[in-house]
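Enquirer: This is the content of my_file.txt (compact mmCIF, C-alpha atoms):
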```
# COMPACT_ATOMS: atom_id res chain seq x y z
CA MET A 226 125.05 182.68 -172.00
CA SER A 227 125.74 186.25 -171.04
CA GLU A 228 122.71 188.56 -171.05
CA GLY A 229 124.51 191.66 -169.79
CA VAL A 230 126.85 192.61 -166.96
CA ASP A 231 124.16 193.06 -164.30
CA THR A 232 121.88 190.22 -165.36
CA GLY A 233 122.01 187.03 -163.34
CA TRP A 234 121.15 183.57 -164.51
CA LEU A 235 121.01 180.02 -163.23
CA ALA A 236 122.21 177.01 -165.21
CA VAL A 237 121.63 173.49 -163.93
CA ALA A 238 124.38 171.49 -165.59
CA GLY A 239 125.40 167.87 -166.00
CA LEU A 240 129.12 167.09 -165.77
CA GLY A 241 128.77 163.66 -167.37
CA PRO A 242 129.92 160.34 -165.92
CA GLY A 243 133.52 161.31 -165.17
CA ASP A 244 135.70 161.75 -168.26
CA GLU A 245 136.26 165.46 -168.91
CA GLY A 246 135.90 164.78 -172.63
CA LEU A 247 132.24 163.88 -172.05
CA ILE A 248 131.30 167.32 -170.70
CA THR A 249 129.29 169.14 -173.36
CA PRO A 250 130.53 172.43 -174.88
CA ALA A 251 127.42 174.20 -173.54
CA VAL A 252 128.28 173.21 -169.97
CA THR A 253 131.93 174.21 -170.46
CA ALA A 254 130.82 177.64 -171.71
CA ALA A 255 128.48 178.15 -168.74
CA LEU A 256 131.21 177.23 -166.26
CA ALA A 257 133.59 179.69 -167.96
CA GLU A 258 131.11 182.54 -167.32
CA ALA A 259 129.95 181.49 -163.87
CA THR A 260 130.53 183.57 -160.76
CA ASP A 261 129.30 180.75 -158.50
CA VAL A 262 129.27 176.95 -158.71
CA ILE A 263 127.04 175.01 -156.33
CA GLY A 264 126.81 171.27 -155.77
CA TYR A 265 127.70 168.10 -153.92
CA VAL A 266 131.32 168.15 -152.71
CA PRO A 267 132.89 165.75 -155.28
CA TYR A 268 131.06 167.38 -158.19
CA VAL A 269 132.14 170.90 -157.25
CA ALA A 270 135.69 169.56 -156.94
CA ARG A 271 135.58 168.68 -160.63
CA VAL A 272 135.31 172.39 -161.48
CA ALA A 273 138.72 174.05 -161.41
CA ALA A 274 139.20 177.03 -159.11
CA ARG A 275 139.83 180.36 -160.84
CA GLU A 276 139.75 184.05 -160.08
CA GLY A 277 136.20 185.40 -159.88
CA LEU A 278 134.62 182.02 -159.18
CA VAL A 279 133.14 181.11 -155.80
CA ARG A 280 132.60 177.40 -155.21
CA HIS A 281 129.88 176.28 -152.78
CA PRO A 282 130.30 172.56 -151.96
CA SER A 283 127.74 170.88 -149.72
CA ASP A 284 126.58 167.50 -148.42
CA ASN A 285 124.65 165.04 -150.57
CA ARG A 286 121.30 165.36 -148.75
CA VAL A 287 120.73 169.11 -148.89
CA GLU A 288 119.42 169.43 -152.44
CA LEU A 289 116.72 171.98 -151.59
CA ASP A 290 119.21 174.08 -149.62
CA ARG A 291 121.50 174.13 -152.65
CA ALA A 292 118.62 175.06 -154.94
CA THR A 293 117.54 177.88 -152.61
CA LEU A 294 121.05 179.29 -152.47
CA ALA A 295 121.33 179.14 -156.26
CA LEU A 296 118.04 180.94 -156.83
CA ASN A 297 118.89 183.62 -154.28
CA LEU A 298 122.28 184.30 -155.85
CA ALA A 299 120.89 184.38 -159.39
CA ALA A 300 118.12 186.77 -158.29
CA GLN A 301 120.87 189.05 -156.93
CA GLY A 302 122.54 189.17 -160.36
CA ARG A 303 125.09 186.37 -159.96
CA LYS A 304 125.80 183.86 -162.73
CA VAL A 305 125.24 180.53 -161.06
CA VAL A 306 125.86 176.95 -162.18
CA VAL A 307 124.41 174.12 -160.13
CA VAL A 308 126.37 171.00 -161.03
CA SER A 309 125.31 167.36 -161.02
CA SER A 310 127.12 164.32 -162.32
CA GLY A 311 125.64 162.73 -165.41
CA ASP A 312 122.50 164.57 -166.52
CA PRO A 313 120.90 167.08 -164.11
CA GLY A 314 117.40 166.00 -165.06
CA VAL A 315 117.91 162.31 -164.17
CA PHE A 316 117.60 161.80 -160.40
CA ALA A 317 119.56 165.00 -159.90
CA MET A 318 119.42 168.75 -159.26
CA ALA A 319 117.12 170.07 -161.99
CA ALA A 320 113.99 168.76 -160.27
CA ALA A 321 115.22 170.13 -156.91
CA VAL A 322 115.69 173.60 -158.41
CA PHE A 323 112.15 173.63 -159.81
CA GLU A 324 110.75 172.26 -156.56
CA ALA A 325 112.38 175.17 -154.71
CA LEU A 326 111.20 177.60 -157.39
CA GLU A 327 107.58 176.47 -157.05
CA ALA A 328 107.59 176.93 -153.26
CA GLY A 329 109.87 179.95 -153.12
CA ALA A 330 109.97 183.72 -153.35
CA PRO A 331 107.87 185.34 -156.12
CA GLU A 332 110.92 187.21 -157.48
CA TRP A 333 112.58 183.89 -158.31
CA LEU A 334 110.03 183.39 -161.10
CA ASN A 335 111.89 186.05 -163.09
CA VAL A 336 115.25 184.29 -162.86
CA ASP A 337 116.67 183.08 -166.18
CA ILE A 338 116.93 179.30 -165.58
CA ARG A 339 118.44 176.91 -168.11
CA VAL A 340 118.93 173.15 -167.80
CA LEU A 341 122.04 171.98 -169.66
CA PRO A 342 121.93 168.24 -170.35
CA GLY A 343 124.79 165.85 -169.77
CA ILE A 344 125.63 162.22 -170.49
CA THR A 345 124.04 160.23 -167.71
CA ALA A 346 125.65 157.11 -166.21
CA MET A 347 122.93 154.89 -167.66
CA LEU A 348 123.87 155.84 -171.22
CA ALA A 349 127.61 155.78 -170.57
CA ALA A 350 127.38 152.30 -169.06
CA SER A 351 125.19 151.02 -171.88
CA ALA A 352 127.62 152.35 -174.48
CA ARG A 353 130.60 150.72 -172.78
CA ALA A 354 128.87 147.34 -172.75
CA GLY A 355 127.31 147.54 -176.22
CA ALA A 356 123.60 148.37 -176.45
CA PRO A 357 121.61 146.72 -173.64
CA LEU A 358 119.12 149.61 -173.80
CA GLY A 359 118.58 149.12 -177.53
CA HIS A 360 114.86 148.40 -177.09
CA ASP A 361 112.29 149.56 -174.52
CA PHE A 362 113.78 150.16 -171.07
CA CYS A 363 113.15 151.96 -167.80
CA ALA A 364 115.30 153.64 -165.16
CA ILE A 365 114.66 153.18 -161.43
CA ASN A 366 116.39 154.85 -158.50
CA LEU A 367 116.81 152.15 -155.85
CA SER A 368 117.34 154.64 -153.03
CA ASP A 369 114.45 154.74 -150.58
CA ASN A 370 115.57 158.06 -149.08
CA LEU A 371 112.81 159.97 -150.89
CA LYS A 372 110.24 157.23 -151.56
CA PRO A 373 109.06 154.11 -149.74
CA TRP A 374 110.57 150.72 -150.46
CA ALA A 375 107.12 149.30 -151.21
CA LEU A 376 106.90 151.60 -154.25
CA ILE A 377 110.33 150.52 -155.47
CA GLU A 378 109.35 146.87 -155.21
CA LYS A 379 106.08 147.49 -157.06
CA ARG A 380 107.92 149.21 -159.90
CA LEU A 381 110.48 146.40 -160.10
CA ARG A 382 107.77 143.78 -160.44
CA LEU A 383 105.82 145.77 -163.04
CA ALA A 384 108.96 146.48 -165.07
CA ALA A 385 109.81 142.78 -165.03
CA GLU A 386 106.25 141.90 -166.08
CA ALA A 387 106.48 144.37 -168.97
CA ASP A 388 109.83 142.81 -169.97
CA PHE A 389 111.75 146.07 -169.90
CA ALA A 390 115.50 146.23 -169.67
CA MET A 391 116.10 148.05 -166.39
CA ALA A 392 118.76 150.58 -165.40
CA PHE A 393 119.28 151.05 -161.67
CA TYR A 394 120.72 154.18 -160.09
CA ASN A 395 122.02 154.30 -156.49
CA PRO A 396 121.86 150.54 -156.00
CA ARG A 397 123.72 150.13 -152.71
CA SER A 398 125.23 152.47 -150.13
CA LYS A 399 126.75 152.09 -146.66
CA SER A 400 123.55 153.49 -145.14
CA ARG A 401 121.34 151.17 -147.27
CA PRO A 402 123.27 147.87 -147.46
CA GLY A 403 120.17 145.66 -147.63
CA GLY A 404 118.08 147.34 -150.31
CA PHE A 405 119.92 145.97 -153.33
CA ALA A 406 119.76 142.43 -151.95
CA ARG A 407 116.00 142.82 -151.70
CA ALA A 408 115.86 144.16 -155.26
CA LEU A 409 117.83 141.19 -156.58
CA ALA A 410 115.51 138.79 -154.76
CA VAL A 411 112.47 140.44 -156.34
CA LEU A 412 114.04 140.26 -159.80
CA GLN A 413 115.10 136.63 -159.43
CA GLU A 414 111.54 135.76 -158.46
CA ALA A 415 110.02 137.79 -161.31
CA CYS A 416 112.54 137.18 -164.11
CA GLY A 417 114.19 133.81 -163.53
CA ASP A 418 117.91 133.12 -163.51
CA ASP A 419 119.14 133.83 -167.02
CA ARG A 420 118.78 137.59 -167.46
CA PRO A 421 122.19 139.20 -168.05
CA VAL A 422 123.16 141.80 -165.47
CA LEU A 423 125.74 144.49 -166.17
CA PHE A 424 127.65 145.99 -163.25
CA ALA A 425 129.37 149.11 -164.60
CA ARG A 426 131.42 150.89 -161.96
CA ALA A 427 133.03 154.33 -162.36
CA VAL A 428 132.43 154.36 -166.11
CA SER A 429 134.79 156.59 -168.12
CA THR A 430 137.20 157.05 -165.19
CA PRO A 431 140.51 155.28 -164.46
CA ASP A 432 138.63 153.12 -161.90
CA GLU A 433 136.20 151.75 -164.49
CA GLU A 434 135.14 148.12 -164.05
CA LEU A 435 132.57 146.20 -166.11
CA HIS A 436 131.18 142.77 -165.22
CA ILE A 437 128.36 140.83 -166.91
CA VAL A 438 126.81 137.93 -164.98
CA PRO A 439 123.53 136.00 -165.14
CA LEU A 440 120.93 137.17 -162.67
CA ASP A 441 121.33 134.13 -160.40
CA LYS A 442 125.04 134.95 -160.03
CA ALA A 443 124.48 138.65 -159.19
CA GLU A 444 125.55 139.51 -155.65
CA PRO A 445 124.81 142.67 -153.64
CA ALA A 446 128.53 143.27 -153.00
CA MET A 447 129.08 143.73 -156.75
CA ALA A 448 127.49 147.20 -156.56
CA ASP A 449 128.10 150.43 -154.70
CA MET A 450 127.08 154.06 -155.22
CA ARG A 451 129.52 154.41 -158.12
CA THR A 452 127.95 151.46 -159.94
CA MET A 453 125.27 151.53 -162.62
CA VAL A 454 123.39 148.23 -162.79
CA ILE A 455 121.57 147.26 -165.99
CA VAL A 456 119.38 144.15 -166.08
CA GLY A 457 118.53 142.96 -169.55
CA SER A 458 115.09 142.01 -170.85
CA SER A 459 114.25 138.44 -171.82
CA ARG A 460 115.56 139.24 -175.32
CA THR A 461 118.89 140.80 -174.31
CA ARG A 462 121.82 138.88 -175.73
CA THR A 463 125.52 138.48 -175.07
CA ILE A 464 128.03 138.11 -177.90
CA ALA A 465 131.29 136.46 -176.85
CA ARG A 466 134.35 138.09 -178.39
CA PRO A 467 138.10 137.75 -177.77
CA GLY A 468 138.25 141.34 -176.53
CA GLY A 469 135.35 140.90 -174.13
CA PRO A 470 131.61 140.29 -174.42
CA VAL A 471 129.11 142.63 -176.03
CA LEU A 472 125.68 143.03 -174.44
CA TYR A 473 122.78 144.20 -176.60
CA THR A 474 119.01 144.11 -176.90
CA PRO A 475 117.58 143.72 -180.43
CA ARG A 476 115.55 146.68 -181.66
CA SER A 477 112.49 144.67 -182.62
CA VAL A 478 110.20 142.04 -181.10
CA PRO A 479 108.56 139.48 -183.42
CA GLU A 480 104.79 139.59 -183.28
CA ALA A 481 104.73 135.95 -182.16
CA ALA A 482 106.83 136.82 -179.10
CA ALA A 483 104.69 139.76 -177.98
```
Now that the file is in, can you turn its structure into structure tokens?
Expert:
Amino acid sequence: MSEGVDTGWLAVAGLGPGDEGLITPAVTAALAEATDVIGYVPYVARVAAREGLVRHPSDNRVELDRATLALNLAAQGRKVVVVSSGDPGVFAMAAAVFEALEAGAPEWLNVDIRVLPGITAMLAASARAGAPLGHDFCAINLSDNLKPWALIEKRLRLAAEADFAMAFYNPRSKSRPGGFARALAVLQEACGDDRPVLFARAVSTPDEELHIVPLDKAEPAMADMRTMVIVGSSRTRTIARPGGPVLYTPRSVPEAAA
């Protein structure tokens, strides 16, 4: 990515779901050149310390502060990587960087900014289970930190009405213990009891756990902030196998079922 010794740049990079083998070569190359790495504490910790690299870990709720620091450093000629888990464009730092850019100093508009994609948890979880996102699907962030709960509930009901498979990020945290219970209640009312629900925790790490249950057996305590939850559509199927079930959604919908 080098553009010359005195030229700064800013890369917004996804570190994938956890396994180092799932970090893309482009992200690895950017990290090798970086003078500064900025991000949430556990994500920065995934980047090994080395001579010439300054790491800037920060709390989870200071995204715009991180973005501002990154743009300032890059404008000064530093080579900066802002790290997210998964993909930086999916409920992560890429949007925060552009939000800061739009409201920030005019000189930031000249900064070389690149977004380097990563494997997001939704895709990693789907792959581990089979192919539950094999047909039309949507992704919803269940955190109401940055949007009202009423909007989340509206989107849940409309997604259920449209018969999408649904992938849920940030389902349940210590500060939001009741939100996921409310989401499950909405889904049980809108979808019935039989939809398969995948709870995929810490996918691609040694702590990985996968559980598939029908919607009426889904419990809030099955999820935390390390869990990706995928609710199948009405056509999602489970194949029982000796080595564990496979969850998939067929690629087509018969005209009679539309």
Enquirer: Please compute the atom CA of A:Phe362-atom CA of A:Ala236 distance, one decimal, in Å.
Expert: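 Computed distance, atom CA of A:Phe362 to atom CA of A:Ala236, equals 28.7 Å.
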Enquirer: Please provide the set of residues having any atom within 10 Å of stretch 460-467 of chain A, restricted to all atoms listed in the file, with same-chain residues fewer than 6 positions apart removed, written as a ChimeraX atom specification.
Expert: /A:354-360,388-390,420-422,437,473-478,482
Enquirer: Let me have the centre and edge lengths of the axis-aligned box enclosing all listed atoms of stretch 363-381 of chain A with 8 Å padding on every side, in Å to one decimal, as lines of an AutoDock Vina configuration file.
Expert:
```
center_x = 111.7
center_y = 153.2
center_z = -158.4
size_x = 27.3
size_y = 29.6
size_z = 34.7
```
Enquirer: Any idea what the distance is between atom CA of A:Glu433 and atom CA of A:Ala254?
Expert: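 Computing it gives 27.4 Å between the two atoms.
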Enquirer: Would you be able to write out as a list of chain:residue names which residues have an atom within 10 Å of (128.8, 189.0, -157.8) in the file's coordinates, counting all atoms listed in the file?
Expert: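 Residues found, by chain and rising number: A:Asp231, A:Gly233, A:Ala259, A:Thr260, A:Asp261, A:Gly277, A:Leu278, A:Val279, A:Leu298, A:Ala299, A:Gln301, A:Gly302, A:Arg303, A:Lys304, A:Val305.
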Enquirer: Please determine, counting all atoms listed in the file, which residue among A:Asp449, A:Glu258, A:Asp441, A:Glu414 has the shortest atom-to-atom distance to A:Arg426.
Expert: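 That would be A:Asp449, the residue with the smallest distance to A:Arg426.
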Enquirer: Using all atoms listed in the file, which of A:Ser400, A:Ser309, A:Ser458, A:Thr345 sits nearest A:Cys416?
Expert: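 That would be A:Ser458, the residue with the smallest distance to A:Cys416.
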Enquirer: Given only C-alpha atoms as the basis, pick out the residue of A:Arg291, A:Leu409, A:Ile338, A:Glu444 nearest to A:Leu235.
Expert: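 Of A:Arg291, A:Leu409, A:Ile338, A:Glu444, the one nearest A:Leu235, counting only C-alpha atoms, is A:Ile338.
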Enquirer: Distance atom CA of A:Ala406-atom CA of A:Leu383, one decimal place?
Expert: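 Separation of atom CA of A:Ala406 and atom CA of A:Leu383: 18.1 Å.
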Enquirer: Using all atoms listed in the file, pick whichever of A:Ala443, A:Ile263, A:Ser351, A:Leu247 has the shortest atom-to-atom distance to A:Asp284.
Expert: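 Closest candidate: A:Ile263.
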Enquirer: For a quick check of understanding, using all atoms listed in the file, which of A:Leu326, A:Val237, A:Ala257, A:Val287 has the smallest distance to A:Ala273?
Expert: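 With all atoms listed in the file as the atom set, the closest residue is A:Ala257.
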Enquirer: Can you pull out the residues contacting A:His281? Cut-off 12 Å, using only C-alpha atoms, and skip same-chain residues under 5 positions away; I want them as an mmCIF file with C-alpha atoms, in the coordinates of the input.
Expert:
```
data_model
loop_
_atom_site.group_PDB
_atom_site.id
_atom_site.type_symbol
_atom_site.label_atom_id
_atom_site.label_comp_id
_atom_site.auth_asym_id
_atom_site.auth_seq_id
_atom_site.Cartn_x
_atom_site.Cartn_y
_atom_site.Cartn_z
ATOM 1 C CA THR A 260 130.530 183.570 -160.760
ATOM 2 C CA ASP A 261 129.300 180.750 -158.500
ATOM 3 C CA VAL A 262 129.270 176.950 -158.710
ATOM 4 C CA ILE A 263 127.040 175.010 -156.330
ATOM 5 C CA GLY A 264 126.810 171.270 -155.770
ATOM 6 C CA TYR A 265 127.700 168.100 -153.920
ATOM 7 C CA VAL A 266 131.320 168.150 -152.710
ATOM 8 C CA PRO A 267 132.890 165.750 -155.280
ATOM 9 C CA TYR A 268 131.060 167.380 -158.190
ATOM 10 C CA VAL A 269 132.140 170.900 -157.250
ATOM 11 C CA ALA A 270 135.690 169.560 -156.940
ATOM 12 C CA VAL A 272 135.310 172.390 -161.480
ATOM 13 C CA ALA A 274 139.200 177.030 -159.110
ATOM 14 C CA ASP A 290 119.210 174.080 -149.620
ATOM 15 C CA ARG A 291 121.500 174.130 -152.650
ATOM 16 C CA ALA A 292 118.620 175.060 -154.940
ATOM 17 C CA LEU A 294 121.050 179.290 -152.470
ATOM 18 C CA ALA A 295 121.330 179.140 -156.260
ATOM 19 C CA LEU A 298 122.280 184.300 -155.850
ATOM 20 C CA VAL A 305 125.240 180.530 -161.060
ATOM 21 C CA VAL A 306 125.860 176.950 -162.180
ATOM 22 C CA VAL A 307 124.410 174.120 -160.130
ATOM 23 C CA VAL A 308 126.370 171.000 -161.030
#
```
Enquirer: Using the structure block above, produce a file of stretch 446-475 of chain A that contains N, CA, C and O atoms, as a CSV table (one decimal), in the first residue's frame.
Expert:
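part.csv, freshly written:
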```
chain,number,residue,atom,x,y,z
A,446,ALA,N,-30.8,-16.5,27.2
A,446,ALA,CA,-29.5,-16.8,27.8
A,446,ALA,C,-28.6,-17.6,26.8
A,446,ALA,O,-27.4,-17.7,27.1
A,447,MET,N,-29.2,-18.0,25.7
A,447,MET,CA,-28.3,-18.7,24.7
A,447,MET,C,-27.4,-17.8,24.0
A,447,MET,O,-26.5,-18.3,23.2
A,448,ALA,N,-27.6,-16.5,24.1
A,448,ALA,CA,-26.8,-15.5,23.3
A,448,ALA,C,-26.1,-14.5,24.2
A,448,ALA,O,-26.6,-14.2,25.3
A,449,ASP,N,-25.0,-14.1,23.7
A,449,ASP,CA,-24.2,-13.0,24.3
A,449,ASP,C,-23.6,-12.2,23.2
A,449,ASP,O,-23.9,-12.4,22.0
A,450,MET,N,-22.7,-11.3,23.5
A,450,MET,CA,-22.1,-10.4,22.5
A,450,MET,C,-21.2,-11.1,21.6
A,450,MET,O,-20.8,-10.6,20.6
A,451,ARG,N,-20.8,-12.3,21.9
A,451,ARG,CA,-19.9,-13.1,21.0
A,451,ARG,C,-20.7,-14.1,20.2
A,451,ARG,O,-20.2,-14.9,19.5
A,452,THR,N,-22.0,-14.0,20.2
A,452,THR,CA,-22.9,-14.9,19.5
A,452,THR,C,-23.6,-14.3,18.3
A,452,THR,O,-24.1,-13.2,18.4
A,453,MET,N,-23.5,-15.0,17.2
A,453,MET,CA,-24.3,-14.6,16.0
A,453,MET,C,-25.5,-15.5,16.0
A,453,MET,O,-25.4,-16.7,16.2
A,454,VAL,N,-26.7,-14.9,15.9
A,454,VAL,CA,-27.9,-15.6,15.8
A,454,VAL,C,-28.5,-15.5,14.4
A,454,VAL,O,-28.6,-14.4,13.9
A,455,ILE,N,-28.8,-16.6,13.9
A,455,ILE,CA,-29.4,-16.7,12.5
A,455,ILE,C,-30.8,-17.4,12.7
A,455,ILE,O,-30.8,-18.6,13.1
A,456,VAL,N,-31.8,-16.8,12.3
A,456,VAL,CA,-33.2,-17.3,12.3
A,456,VAL,C,-33.5,-17.7,10.8
A,456,VAL,O,-33.5,-16.8,9.9
A,457,GLY,N,-33.9,-18.9,10.6
A,457,GLY,CA,-34.2,-19.3,9.2
A,457,GLY,C,-35.5,-18.7,8.7
A,457,GLY,O,-36.3,-18.2,9.4
A,458,SER,N,-35.7,-18.8,7.4
A,458,SER,CA,-37.0,-18.5,6.8
A,458,SER,C,-37.9,-19.7,6.9
A,458,SER,O,-37.5,-20.7,7.5
A,459,SER,N,-39.1,-19.6,6.4
A,459,SER,CA,-40.1,-20.7,6.5
A,459,SER,C,-39.6,-21.9,5.6
A,459,SER,O,-40.1,-23.0,5.8
A,460,ARG,N,-38.6,-21.7,4.7
A,460,ARG,CA,-38.2,-22.7,3.9
A,460,ARG,C,-36.8,-23.3,4.3
A,460,ARG,O,-36.3,-24.2,3.7
A,461,THR,N,-36.2,-22.8,5.4
A,461,THR,CA,-35.0,-23.3,5.8
A,461,THR,C,-35.1,-24.7,6.4
A,461,THR,O,-36.1,-25.0,7.1
A,462,ARG,N,-34.2,-25.5,6.1
A,462,ARG,CA,-34.3,-26.9,6.5
A,462,ARG,C,-33.1,-27.4,7.3
A,462,ARG,O,-32.0,-26.8,7.2
A,463,THR,N,-33.3,-28.5,8.0
A,463,THR,CA,-32.2,-29.1,8.8
A,463,THR,C,-32.1,-30.5,8.3
A,463,THR,O,-33.1,-31.3,8.2
A,464,ILE,N,-30.8,-30.9,8.0
A,464,ILE,CA,-30.5,-32.3,7.6
A,464,ILE,C,-29.8,-32.9,8.8
A,464,ILE,O,-28.7,-32.5,9.2
A,465,ALA,N,-30.4,-34.0,9.3
A,465,ALA,CA,-29.7,-34.7,10.4
A,465,ALA,C,-28.6,-35.6,9.9
A,465,ALA,O,-28.8,-36.3,8.9
A,466,ARG,N,-27.5,-35.5,10.5
A,466,ARG,CA,-26.3,-36.3,10.1
A,466,ARG,C,-25.6,-36.8,11.3
A,466,ARG,O,-25.7,-36.2,12.4
A,467,PRO,N,-24.9,-38.0,11.2
A,467,PRO,CA,-24.2,-38.5,12.4
A,467,PRO,C,-23.2,-37.5,13.0
A,467,PRO,O,-23.0,-37.4,14.2
A,468,GLY,N,-22.6,-36.7,12.2
A,468,GLY,CA,-21.6,-35.7,12.6
A,468,GLY,C,-22.2,-34.4,13.1
A,468,GLY,O,-21.4,-33.5,13.5
A,469,GLY,N,-23.5,-34.3,13.1
A,469,GLY,CA,-24.1,-33.1,13.5
A,469,GLY,C,-25.0,-32.5,12.4
A,469,GLY,O,-24.8,-32.8,11.2
A,470,PRO,N,-26.0,-31.8,12.7
A,470,PRO,CA,-27.0,-31.3,11.7
A,470,PRO,C,-26.4,-30.3,10.7
A,470,PRO,O,-25.5,-29.5,11.1
A,471,VAL,N,-27.0,-30.2,9.6
A,471,VAL,CA,-26.7,-29.2,8.6
A,471,VAL,C,-27.9,-28.3,8.4
A,471,VAL,O,-29.0,-28.8,8.3
A,472,LEU,N,-27.7,-27.0,8.4
A,472,LEU,CA,-28.8,-26.1,8.3
A,472,LEU,C,-28.7,-25.4,6.9
A,472,LEU,O,-27.6,-24.8,6.6
A,473,TYR,N,-29.7,-25.4,6.1
A,473,TYR,CA,-29.6,-24.7,4.8
A,473,TYR,C,-30.9,-24.2,4.3
A,473,TYR,O,-32.0,-24.7,4.7
A,474,THR,N,-30.9,-23.2,3.5
A,474,THR,CA,-32.1,-22.6,2.9
A,474,THR,C,-32.0,-22.8,1.4
A,474,THR,O,-31.0,-22.4,0.7
A,475,PRO,N,-32.9,-23.5,0.7
A,475,PRO,CA,-32.9,-23.8,-0.7
A,475,PRO,C,-32.7,-22.5,-1.5
A,475,PRO,O,-33.3,-21.4,-1.1
```
